[in-house]
Structure formats: structure tokens, C-alpha cells
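Have a look at the structure below before the remarks.
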Amino acid sequence: MSGGPDAAAAALAAARPVVLVDDLAPDAPVTGALVVPGADVDATTMALLVRETSGVVVVAVTAERLDLLRIPAQAGGRPDPGRPAFAVSVDLRAGVTTGISAHDRAATVRALADPATRAQDLTLPGHVLPVRVRDGGVLSRPRVEEAAVDLCRAAGLSPVAALATVVDEHGEPRGPDALERFADHHGLVLVCVSEVLARRRAELAHVLHDLGMGRAVLVTDALAG
């Protein structure tokens with residue numbers, strides 16, 4: 001079912017997945033991701049992510065959090081602002097076995113979202129793939145990873161989100177119409193990255209206006225690039 005940033009944040013706060021449409025990707029087909037808050041991922045949710053998506057589950061994490069956990073960027077390749085900034089994969093050190101099961105991956109995702117987790121609690125490399133999101137969220141990079149973290153923040157949750165691309169029965173990414181049908185079939189809120197960006201711009205404009213800065217819209221456009 002269609003919604004908006006408020007409905008999506010409310011769903012995440014209730015530990016419900018949402019469908020996030022990547023409608024601002026330049027020169028690329030519109031696709032979508034199934035997003036769940038990192039703090040609430042359990043084995044059942046992880047199994048749902050793997051079953052209904054490409055199976056490549058990534059975890060969007062703030063740069064500050066990754067630095068605190070001493071998780072470096074993946075080596076090799078040139079930085080590309082259009083592509084996710086993958087970090088070295090990780091596993092939780094204690095309480096997991098192979099690291100690849102739904103239980104183990106869920107435990108590692110929750111650890112990434114848990115403020116009590118420290119660098120020594122993780123092993124590198126592992127089976128959970130973090131993505132470093134930009135400071136400023138969608139205002140800096142209007143893509144699904146940043147939007148997912150912004151929605152978690154709006155829900156009052158840890159700014160960590162697990163997500164994966166929604167695919168059809170043939171393993172191909174679902175387009176806009178198929179994503180709407182998928183969301184309706186599962187009773188999930190569907191929201192677009194463009195809607196999250198519009199909400200963030202409006203919020204920033206309101207703050208800057210209250211501070212007496214009349215050119216807030218121009219500032220938010222500059223932040224968004």
C-alpha cells in the first residue's frame with residue numbers, strides 16, 4: 001500500500017518492513033528495496049529479506065558508527081558517488097556459528113545497531129555487508145541507503161537499516177508497478193526516495209526559517225547537490 005515518509009517511519013517504529021522505491025537513481029531503471037530497522041532484525045525478518053529479494057542484504061550505517069567500530073572501506077576501486085560505499089563485511093564475534101544463517105546474520109545486524117557494541121565484539125571479514133551512508137542523509141545522496149537511515153531516524157530508532165533489492169520470481173528487480181503490487185500483497189507501506197528527500201528539505205527549510213535564514217530552499221538544494 002502506498003504511504004509516505006510518516007507512514008513509513010511509523011511502520012518501521014512498529015518493526016514492520018517497508019518498500020523503499022529508488023526513484024532518483026540517475027540513468028538507471030527504477031527499483032526498490034525491502035527495508036527493516038537494524039535494531040529489530042530477527043531470524044524471521046532476515047529470512048523474509050532473503051526470500052523476497054536478491055538475497056544480497058546490506059546494512060546502511062552512518063560513517064560515525066562505522067568509524068567507532070573500526071570497520072574500514074573495502075579495498076580497491078575508485079570511489080563512485082553513484083554507487084554504495086561498501087565497507088568490509090563483519091560477523092558478531094560471540095553467539096554465532098557459521099555467520100551465514102538467518103539467526104547469525106540477524107544477530108550481527110542488531111549488533112551494528114546496538115550502541116553498546118564495540119569494535120572488539122566484531123570479526124572481519126564476515127557475512128554481513130555494511131554500507132557507509134553520507135552525512136546529511138538524502139540531502140547529500142538521494143538514494144535508498146541514505147533514505148533508509150533517514151527513515152529509521154524519523155522513527156526514533158538507531159540509524160541502521162537492513163535492506164535488499166526486491167526481485168520477482170525470475171530473480172529480476174521489480175519495477176514501479178510490480179513494487180506497488182508487492183507492497184499491496186504483503187500489506188507493506190511503500191515510499192519513494194523522492195518523498196523522503198522532499199520531507200528532509202521541508203524540515204531543513206523550516207529550521208532555517210525559524211533561525212531567520214530566508215534562503216533555506218536554496219541551501220537545501222545545494223546540500224542535495
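Naming works like this for the C-alpha cells: A, B, ... for the chains as they're shown, residue 1 at the start of each chain, ligands 1 onward in shown order.
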
Selection near His103 (chain A), 8 Å with only C-alpha atoms, sequence-local residues under 6 positions removed, as an NGL selection string: :A and (42-43 or 46 or 96)

Keeping N, CA and C atoms, export the residues of the selection given above as a PDB file, in the first residue's frame.
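Below is the file that was written, again.pdb:
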```pdb
ATOM      1  N   ASP A  42      15.322  -9.897  13.258  1.00  0.00           N
ATOM      2  CA  ASP A  42      15.462 -11.209  13.880  1.00  0.00           C
ATOM      3  C   ASP A  42      15.565 -12.257  12.762  1.00  0.00           C
ATOM      4  N   ALA A  43      15.645 -13.516  13.134  1.00  0.00           N
ATOM      5  CA  ALA A  43      15.832 -14.571  12.141  1.00  0.00           C
ATOM      6  C   ALA A  43      14.677 -14.613  11.150  1.00  0.00           C
ATOM      7  N   MET A  46      15.049 -11.642   8.752  1.00  0.00           N
ATOM      8  CA  MET A  46      16.163 -11.878   7.849  1.00  0.00           C
ATOM      9  C   MET A  46      15.785 -12.902   6.784  1.00  0.00           C
ATOM     10  N   VAL A  96      27.327 -16.582  17.585  1.00  0.00           N
ATOM     11  CA  VAL A  96      27.018 -17.036  16.234  1.00  0.00           C
ATOM     12  C   VAL A  96      27.882 -18.250  15.924  1.00  0.00           C
TER      13      VAL A  96
END
```

Compile the contact shell of Glu195 (chain A) as a PyMOL selection string: residues with an atom at most 12 Å away, counting only C-alpha atoms, same-chain residues fewer than 2 positions apart removed. chain A and resi 2-8+20-24+138-139+142-144+147-148+150-151+190-193+197-202

How close does region 124-172 of chain A get to region 87-90 of chain A? List, as a Markdown table, each residue of region 124-172 of chain A within 8 Å, its nearest atom pair and the distance in Å to one decimal, counting only C-alpha atoms.
```
| residue | atom | partner | partner_atom | distance |
| --- | --- | --- | --- | --- |
| A:Leu124 | CA | A:Val90 | CA | 4.8 |
| A:Pro125 | CA | A:Ser89 | CA | 4.8 |
| A:Gly126 | CA | A:Val90 | CA | 3.9 |
| A:His127 | CA | A:Val90 | CA | 5.8 |
| A:Val128 | CA | A:Ser89 | CA | 5.2 |
| A:Leu129 | CA | A:Ser89 | CA | 4.5 |
| A:Pro130 | CA | A:Ala87 | CA | 5.4 |
| A:Val131 | CA | A:Ala87 | CA | 5.7 |
| A:Arg132 | CA | A:Ala87 | CA | 6.6 |
```

Atomic separation - CA of Leu12 (chain A) relative to CA of Thr62 (chain A), Å: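 CA of Thr62 (chain A) sits 17.7 Å away from CA of Leu12 (chain A).
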
Once DSSP has gone over the backbone, tell me which residues of region 93-178 of chain A are in strand (DSSP E), as a PDB file with all heavy atoms, in the first residue's frame.
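As written to disk, result03.pdb reads:
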```
ATOM      1  N   LEU A 122      33.263  -7.595  17.109  1.00  0.00           N
ATOM      2  CA  LEU A 122      33.055  -7.999  15.730  1.00  0.00           C
ATOM      3  C   LEU A 122      34.310  -8.636  15.155  1.00  0.00           C
ATOM      4  O   LEU A 122      35.422  -8.338  15.595  1.00  0.00           O
ATOM      5  CB  LEU A 122      32.673  -6.788  14.871  1.00  0.00           C
ATOM      6  CG  LEU A 122      31.439  -5.999  15.317  1.00  0.00           C
ATOM      7  CD1 LEU A 122      31.332  -4.713  14.514  1.00  0.00           C
ATOM      8  CD2 LEU A 122      30.171  -6.831  15.176  1.00  0.00           C
ATOM      9  N   THR A 123      34.117  -9.511  14.171  1.00  0.00           N
ATOM     10  CA  THR A 123      35.248 -10.070  13.428  1.00  0.00           C
ATOM     11  C   THR A 123      35.114  -9.660  11.967  1.00  0.00           C
ATOM     12  O   THR A 123      34.008  -9.561  11.434  1.00  0.00           O
ATOM     13  CB  THR A 123      35.299 -11.603  13.530  1.00  0.00           C
ATOM     14  OG1 THR A 123      34.092 -12.153  12.985  1.00  0.00           O
ATOM     15  CG2 THR A 123      35.433 -12.039  14.984  1.00  0.00           C
ATOM     16  N   LEU A 124      36.260  -9.430  11.317  1.00  0.00           N
ATOM     17  CA  LEU A 124      36.297  -9.011   9.924  1.00  0.00           C
ATOM     18  C   LEU A 124      37.254  -9.921   9.169  1.00  0.00           C
ATOM     19  O   LEU A 124      38.330 -10.229   9.708  1.00  0.00           O
ATOM     20  CB  LEU A 124      36.791  -7.563   9.794  1.00  0.00           C
ATOM     21  CG  LEU A 124      35.919  -6.415  10.267  1.00  0.00           C
ATOM     22  CD1 LEU A 124      35.866  -6.331  11.795  1.00  0.00           C
ATOM     23  CD2 LEU A 124      36.435  -5.099   9.705  1.00  0.00           C
ATOM     24  N   PRO A 125      36.933 -10.360   7.939  1.00  0.00           N
ATOM     25  CA  PRO A 125      35.641 -10.196   7.265  1.00  0.00           C
ATOM     26  C   PRO A 125      34.610 -11.179   7.800  1.00  0.00           C
ATOM     27  O   PRO A 125      34.950 -12.084   8.561  1.00  0.00           O
ATOM     28  CB  PRO A 125      35.984 -10.495   5.803  1.00  0.00           C
ATOM     29  CG  PRO A 125      37.094 -11.506   5.902  1.00  0.00           C
ATOM     30  CD  PRO A 125      37.910 -11.083   7.104  1.00  0.00           C
ATOM     31  N   GLY A 126      33.362 -10.976   7.366  1.00  0.00           N
ATOM     32  CA  GLY A 126      32.289 -11.838   7.845  1.00  0.00           C
ATOM     33  C   GLY A 126      31.231 -12.031   6.784  1.00  0.00           C
ATOM     34  O   GLY A 126      31.547 -12.105   5.598  1.00  0.00           O
ATOM     35  N   HIS A 127      29.969 -12.076   7.196  1.00  0.00           N
ATOM     36  CA  HIS A 127      28.875 -12.376   6.279  1.00  0.00           C
ATOM     37  C   HIS A 127      27.840 -11.264   6.181  1.00  0.00           C
ATOM     38  O   HIS A 127      26.851 -11.417   5.453  1.00  0.00           O
ATOM     39  CB  HIS A 127      28.184 -13.670   6.708  1.00  0.00           C
ATOM     40  CG  HIS A 127      29.064 -14.873   6.649  1.00  0.00           C
ATOM     41  ND1 HIS A 127      29.896 -15.222   7.700  1.00  0.00           N
ATOM     42  CD2 HIS A 127      29.277 -15.786   5.669  1.00  0.00           C
ATOM     43  CE1 HIS A 127      30.569 -16.314   7.373  1.00  0.00           C
ATOM     44  NE2 HIS A 127      30.214 -16.679   6.155  1.00  0.00           N
ATOM     45  N   VAL A 128      28.027 -10.179   6.906  1.00  0.00           N
ATOM     46  CA  VAL A 128      27.103  -9.045   6.845  1.00  0.00           C
ATOM     47  C   VAL A 128      27.835  -7.860   6.230  1.00  0.00           C
ATOM     48  O   VAL A 128      28.937  -7.514   6.661  1.00  0.00           O
ATOM     49  CB  VAL A 128      26.565  -8.683   8.251  1.00  0.00           C
ATOM     50  CG1 VAL A 128      25.811  -7.365   8.232  1.00  0.00           C
ATOM     51  CG2 VAL A 128      25.665  -9.807   8.758  1.00  0.00           C
ATOM     52  N   LEU A 129      27.211  -7.254   5.222  1.00  0.00           N
ATOM     53  CA  LEU A 129      27.879  -6.243   4.401  1.00  0.00           C
ATOM     54  C   LEU A 129      27.377  -4.844   4.734  1.00  0.00           C
ATOM     55  O   LEU A 129      26.284  -4.453   4.311  1.00  0.00           O
ATOM     56  CB  LEU A 129      27.629  -6.549   2.922  1.00  0.00           C
ATOM     57  CG  LEU A 129      28.366  -5.708   1.890  1.00  0.00           C
ATOM     58  CD1 LEU A 129      29.878  -5.825   2.068  1.00  0.00           C
ATOM     59  CD2 LEU A 129      27.960  -6.159   0.483  1.00  0.00           C
ATOM     60  N   PRO A 130      28.161  -4.050   5.463  1.00  0.00           N
ATOM     61  CA  PRO A 130      27.734  -2.678   5.762  1.00  0.00           C
ATOM     62  C   PRO A 130      27.953  -1.752   4.567  1.00  0.00           C
ATOM     63  O   PRO A 130      28.832  -1.968   3.735  1.00  0.00           O
ATOM     64  CB  PRO A 130      28.643  -2.265   6.931  1.00  0.00           C
ATOM     65  CG  PRO A 130      29.338  -3.519   7.385  1.00  0.00           C
ATOM     66  CD  PRO A 130      29.389  -4.403   6.179  1.00  0.00           C
ATOM     67  N   VAL A 131      27.136  -0.714   4.506  1.00  0.00           N
ATOM     68  CA  VAL A 131      27.289   0.365   3.537  1.00  0.00           C
ATOM     69  C   VAL A 131      27.395   1.670   4.312  1.00  0.00           C
ATOM     70  O   VAL A 131      26.568   1.946   5.186  1.00  0.00           O
ATOM     71  CB  VAL A 131      26.101   0.429   2.557  1.00  0.00           C
ATOM     72  CG1 VAL A 131      26.174   1.692   1.708  1.00  0.00           C
ATOM     73  CG2 VAL A 131      26.076  -0.792   1.668  1.00  0.00           C
ATOM     74  N   ARG A 132      28.419   2.430   4.006  1.00  0.00           N
ATOM     75  CA  ARG A 132      28.658   3.709   4.678  1.00  0.00           C
ATOM     76  C   ARG A 132      27.779   4.789   4.043  1.00  0.00           C
ATOM     77  O   ARG A 132      27.919   5.097   2.866  1.00  0.00           O
ATOM     78  CB  ARG A 132      30.133   4.085   4.534  1.00  0.00           C
ATOM     79  CG  ARG A 132      30.590   5.299   5.316  1.00  0.00           C
ATOM     80  CD  ARG A 132      32.054   5.584   4.976  1.00  0.00           C
ATOM     81  NE  ARG A 132      32.638   6.588   5.846  1.00  0.00           N
ATOM     82  CZ  ARG A 132      33.360   6.317   6.927  1.00  0.00           C
ATOM     83  NH1 ARG A 132      33.599   5.051   7.249  1.00  0.00           N
ATOM     84  NH2 ARG A 132      33.851   7.283   7.679  1.00  0.00           N
ATOM     85  N   VAL A 133      26.839   5.331   4.816  1.00  0.00           N
ATOM     86  CA  VAL A 133      25.969   6.370   4.274  1.00  0.00           C
ATOM     87  C   VAL A 133      26.578   7.741   4.556  1.00  0.00           C
ATOM     88  O   VAL A 133      27.339   7.931   5.498  1.00  0.00           O
ATOM     89  CB  VAL A 133      24.542   6.289   4.853  1.00  0.00           C
ATOM     90  CG1 VAL A 133      23.912   4.938   4.542  1.00  0.00           C
ATOM     91  CG2 VAL A 133      24.525   6.546   6.345  1.00  0.00           C
ATOM     92  N   VAL A 160      20.416   2.674  11.668  1.00  0.00           N
ATOM     93  CA  VAL A 160      20.973   1.498  10.994  1.00  0.00           C
ATOM     94  C   VAL A 160      19.805   0.749  10.369  1.00  0.00           C
ATOM     95  O   VAL A 160      18.808   0.476  11.045  1.00  0.00           O
ATOM     96  CB  VAL A 160      21.721   0.580  11.976  1.00  0.00           C
ATOM     97  CG1 VAL A 160      22.161  -0.704  11.295  1.00  0.00           C
ATOM     98  CG2 VAL A 160      22.918   1.302  12.582  1.00  0.00           C
ATOM     99  N   ALA A 161      19.914   0.422   9.068  1.00  0.00           N
ATOM    100  CA  ALA A 161      18.826  -0.264   8.380  1.00  0.00           C
ATOM    101  C   ALA A 161      19.360  -1.393   7.532  1.00  0.00           C
ATOM    102  O   ALA A 161      20.383  -1.253   6.857  1.00  0.00           O
ATOM    103  CB  ALA A 161      18.058   0.722   7.494  1.00  0.00           C
ATOM    104  N   ALA A 162      18.677  -2.533   7.568  1.00  0.00           N
ATOM    105  CA  ALA A 162      18.996  -3.650   6.677  1.00  0.00           C
ATOM    106  C   ALA A 162      18.080  -3.561   5.465  1.00  0.00           C
ATOM    107  O   ALA A 162      16.883  -3.293   5.599  1.00  0.00           O
ATOM    108  CB  ALA A 162      18.805  -4.975   7.396  1.00  0.00           C
ATOM    109  N   LEU A 163      18.639  -3.783   4.280  1.00  0.00           N
ATOM    110  CA  LEU A 163      17.833  -3.669   3.072  1.00  0.00           C
ATOM    111  C   LEU A 163      18.388  -4.542   1.961  1.00  0.00           C
ATOM    112  O   LEU A 163      19.573  -4.886   1.957  1.00  0.00           O
ATOM    113  CB  LEU A 163      17.755  -2.219   2.602  1.00  0.00           C
ATOM    114  CG  LEU A 163      19.054  -1.507   2.226  1.00  0.00           C
ATOM    115  CD1 LEU A 163      18.781  -0.458   1.151  1.00  0.00           C
ATOM    116  CD2 LEU A 163      19.655  -0.800   3.453  1.00  0.00           C
ATOM    117  N   ALA A 164      17.508  -4.880   1.012  1.00  0.00           N
ATOM    118  CA  ALA A 164      17.896  -5.681  -0.145  1.00  0.00           C
ATOM    119  C   ALA A 164      16.914  -5.406  -1.264  1.00  0.00           C
ATOM    120  O   ALA A 164      15.741  -5.076  -1.028  1.00  0.00           O
ATOM    121  CB  ALA A 164      17.928  -7.166   0.196  1.00  0.00           C
ATOM    122  N   THR A 165      17.370  -5.536  -2.500  1.00  0.00           N
ATOM    123  CA  THR A 165      16.555  -5.241  -3.675  1.00  0.00           C
ATOM    124  C   THR A 165      15.453  -6.275  -3.858  1.00  0.00           C
ATOM    125  O   THR A 165      15.701  -7.484  -3.849  1.00  0.00           O
ATOM    126  CB  THR A 165      17.443  -5.211  -4.935  1.00  0.00           C
ATOM    127  OG1 THR A 165      18.437  -4.202  -4.786  1.00  0.00           O
ATOM    128  CG2 THR A 165      16.610  -4.901  -6.173  1.00  0.00           C
TER     129      THR A 165
END
```

Point-to-point distance in Å for CA of Val50 (chain A) and CA of Ala15 (chain A):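 The value is 17.1 Å.
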
For each of A:Ser54, A:Ser194, A:Ser158, A:Thr45, take the minimum atom-to-atom distance to Leu112 (chain A), counting only C-alpha atoms, then give the residue where this is smallest. A:Ser158

Choose the residue, out of A:Val166, A:Ala14, A:Ile71, A:Ala106, that has the smallest atom-to-atom separation from Ala119 (chain A); count only C-alpha atoms.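 Smallest separation from Ala119 (chain A) among the options: A:Ile71.
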
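Each of A:Val35, A:Asp121, A:Arg70, A:Val196 was checked against Leu48 (chain A) using only C-alpha atoms; the smallest atom-to-atom distance is that of A:Val35.
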
Region 1-207 of chain A: residues DSSP assigns to helix (DSSP H, G or I), reported as an NGL selection string: :A and (5-13 or 38-40 or 43-52 or 63-68 or 102-113 or 119-121 or 137-139 or 144-154 or 176-186 or 193-207)

Mind pulling up the distance from CA of Ala85 (chain A) to CA of Glu64 (chain A)?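 Between these atoms lies a distance of 13.8 Å.
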
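Take the candidates A:Gly136, A:Ala111, A:Phe182, A:Val36 and check each one against Asp168 (chain A) using only C-alpha atoms; the shortest distance goes to A:Phe182.
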
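You can rank A:Ala33, A:Leu66, A:Leu49, A:Ala75 by their closest distance to Pro173 (chain A) using only C-alpha atoms, and at the top of that list sits A:Ala33.
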
Could you check which of A:Gly175, A:Thr53, A:Thr117, A:Ala73 is closest to Arg93 (chain A), using only C-alpha atoms? A:Thr117
